[in-house]
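Taking it in order: structure first as structure tokens, then the write-up.
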Amino acid sequence: MNKISNPPVPGIGLTAKYPEIGTGPVDTAIYHDPGILAKEMEAIFKRSWYMIGRVEQLDKPGDFFTYELPGFRLAVLVCKDRDGNVNAFHNVCTHRGNLAEHRTAGHCNGLFTCRFHGWSFDLKGNLARMRDEEGFFGADKSKMGLKKIPMDIWEGFIFVASVDKPYQTLAEFLGGQGRDTAGYPWGACTQSYQFETEIGCNWKLAVDSPSEVYHIPVLHPTSAAPTMMAAGNPHGRLLDVELRGPHRTNSHYSVLAEPKPVQKLAYFHAQAAQNVVQSDLEYDFPPGINSTRSPWWTVDLITFFPALSFTLSAHMYTAHQIWPLAANRCLYQQRVFVRPAQNAAQRFGQENTMVEYRDVVMEDLSTLERIQRALDTGQIKQFYYHDHELALRHQHYAVTDILAAYDREQAGSAI
Amino acid sequence: MLSERSLPPSFETLEVFTQDWVLPDAVARMTKRQNSRIEDIKRFYAAMLPQGVAALEYLRRYALGALPPEGENLLKLMLALAEVAPAVEWYNSPNVTDGFSVQRIRYLRQIPDNAAQA
């Protein structure tokens with residue numbers, strides 16, 4: 001919690017730093033048109049990488065987890081082999097397409113055995129055993145291993161791509177945003193919980209939801225507003241918005257307001273995983289976090305285009321991941337990562353953070369379905385973005401720009 | 001069933017709440033809040049709050065995973081206090097005002113209540 005009590009209110013002028021993205025109202029078609037979503041799937045989502053877990057989930061050789069990429073129906077099996085490498089495979093038995101490993105997570109003794117006919121694959125994906133092999137007409141086992149899926153790791157996060165030949169490497173995909181936020185102690189937050197829910201809204205509205213705090217004094221008057229917006233920031237201004245290619249970061253400030261009674265227990269008696277002054281840090285911020293080096297900084301929202309964001313403070317972070325399911329439907333996943341409790345009292349601090357964060361997000365999500373209902377009528381043609389809603393304007397700009405480039409690319413290849 | 005004395009000494013006034021509010025995990029606590037009347041939530045909150053500092057002082061003496069059974073019950077009561085706090089302090093209702101229904105969310109992973117953390 002920041003003790004400097006009178007920060008200057010940030011001014012208007014964020015959008016002016018990026019004249020190419022304009023200041024006018026924007027067309028709303030990209031938020032509800034099914035044809036545009038179909039194009040986004042080709043031009044954006046099939047060209048993206050997806051964070052599906054962390055290396056800490058694979059402690060020992062033989063540890064594994066499985067995951068089906070929402071919207072792609074692509075089943076993935078991730079495991080650690082005996083050389084300590086992390087491997088990702090299409091989780092499908094090469095005999096006739098059943099799941100190679102049906103459990104969601106666990107440890108295997110070196111073989112994944114399909115529960116259909118009992119074929120087994122080792123930790124490098126090789127087909128180790130075909131039951132009654134002599135009946136398979138001399139099929140070449142060495143060519144029948146689990147299919148590899150493109151996988152790479154950034155700061156302990158395991159990413160996969162949904163296509164055989166990724167459009168970019170993971171490092172290219174993350175770009176300067178990845179370079180400038182590497183070095184934060186991502187791996188120190190070893191404790192995490194995860195939930196997901198389907199929301200009746202376009203994926204971009206879900207990305208937008210935390211991307212402006214203009215709404216905080218109004219939508220979150222009793223919850224987030226008292227601690228985030230106190231003293232002199234009645235309109236929810238941001239410290240800064242920094243655009244890096246299609247990616248973007250919002251920097252937030254807040255001041256010490258009067259916490260509620262249970263918050264006091266958490267903050268002052270249980271070391272809740274909340275915003276902490278910079279002098280308590282045991283690491284230096286990488287350049288992409290609190291990039292203005294403001295003494296009033298508390299939280300960055302770090303967005304990797306298209307649909308992965310981190311709400312990050314000095315000692316904890318939340319990953320938000322959004323998967324498009326239809327033009328007006330998406331899956332929202334939230335993972336909150338906190339540092340290990342040093343004692344049983346700190347477990348209470350973790351729970352306070354988890355519950356408060358969940359309830360604030362519940363306040364947000366209901367607005368998204370209302371916006372979508374309005375959009376689906378086709379009556380709302382334009383949105384108007386405030387200077388400090390720059391992140392939303394930038395998302396609109398980035399999507400529109402990529403779709404236009406994709407159209408040119410398709411037209412070019414058709415000639 | 002919990003035994004008659006299920007909490008550490010000096011937390012006797014909270015015994016009456018253990019039956020309802022010592023719950024297995026975060027999802028059970030979330031469900032309990034949703035299914036409780038705000039009056040019952042407020043009664044639990046009002047009894048817990050004055051004992052909060054003392055409870056955390058007690059809990060601070062133990063590592064997670066090393067609590068005696070009565071200490072684990074006290075921790076679980078405190079975790080239930082964390083769950084109900086927004087109902088009392090923010091919403092005056094078990095539910096988020098005008099919010100998305102928490103019944104629509106699925107937990108895929110939880111932080112265990114009392115397992116050692118590293």
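Chains: A, B, ... in order of the structure tokens. Residues: from 1 per chain. Ligands: from 1, in order shown.
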Find the nearest atom pair between each residue of chain A and chain B for residues within 9 Å, count only C-alpha atoms, give distances in Å to one decimal, sort rows by chain and ascending number, and present the table as CSV.
```
residue,atom,partner,partner_atom,distance
A:Thr190,CA,B:Ala118,CA,7.0
A:Gln191,CA,B:Ile111,CA,6.5
A:Ser192,CA,B:Ile111,CA,6.1
A:Tyr193,CA,B:Gln110,CA,4.5
A:Gln194,CA,B:Arg109,CA,4.9
A:Phe195,CA,B:Tyr107,CA,4.1
A:Glu196,CA,B:Arg106,CA,5.4
A:Thr197,CA,B:Ile105,CA,4.7
A:Glu198,CA,B:Arg104,CA,7.7
A:Pro221,CA,B:Trp90,CA,8.7
A:Thr222,CA,B:Trp90,CA,5.3
A:Ser223,CA,B:Trp90,CA,5.9
A:Lys260,CA,B:Glu89,CA,6.9
A:Pro261,CA,B:Leu49,CA,7.7
A:Val262,CA,B:Ala85,CA,6.4
A:Gln263,CA,B:Ala85,CA,8.5
A:Leu265,CA,B:Val53,CA,6.6
A:Ala266,CA,B:Ala82,CA,8.7
A:His269,CA,B:Leu56,CA,6.6
A:Ala270,CA,B:Leu56,CA,6.9
A:Arg335,CA,B:Arg109,CA,8.7
A:Arg339,CA,B:Ala118,CA,8.4
A:Pro340,CA,B:Gln117,CA,5.3
A:Ala341,CA,B:Gln117,CA,6.3
A:Gln342,CA,B:Ala63,CA,6.7
A:Asn343,CA,B:Ala63,CA,4.3
A:Ala344,CA,B:Leu64,CA,4.8
A:Ala345,CA,B:Leu59,CA,4.8
A:Gln346,CA,B:Arg60,CA,7.5
A:Arg347,CA,B:Asp113,CA,7.4
A:Phe348,CA,B:Leu79,CA,5.6
A:Gly349,CA,B:Ala82,CA,8.3
A:Gln350,CA,B:Ile111,CA,8.9
A:Glu351,CA,B:Ala82,CA,6.2
A:Asn352,CA,B:Ala82,CA,5.0
A:Thr353,CA,B:Ala82,CA,8.6
A:Met354,CA,B:Glu83,CA,8.8
A:Val355,CA,B:Glu83,CA,5.9
A:Glu356,CA,B:Pro86,CA,7.0
A:Arg358,CA,B:Val102,CA,8.6
A:Asp359,CA,B:Val96,CA,6.5
A:Val360,CA,B:Val96,CA,8.3
A:Val361,CA,B:Phe100,CA,8.4
A:Met362,CA,B:Phe100,CA,4.8
A:Glu363,CA,B:Gly99,CA,4.6
A:Asp364,CA,B:Gly99,CA,7.3
A:Leu365,CA,B:Phe100,CA,5.7
A:Ser366,CA,B:Phe100,CA,4.6
A:Thr367,CA,B:Gly99,CA,8.1
```
Would you return as a PyMOL selection string the members of stretch 59-115 of chain B that DSSP assigns to alpha helix (DSSP H) on this structure's backbone? chain B and resi 59-60+69-86
Can you list every residue in chain B that DSSP puts in strand (DSSP E or B), as a count of residues only? 4
Among A:Val336, A:Ala75, A:Ala29, A:Ala225, A:Ala257 is approached most closely, using only C-alpha atoms, by A:Ala225
Please measure the separation of atom CA of A:Thr66 and atom CA of A:Ala105, giving the value in Å to one decimal.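 Straight-line distance from atom CA of A:Thr66 to atom CA of A:Ala105 works out to 6.2 Å.
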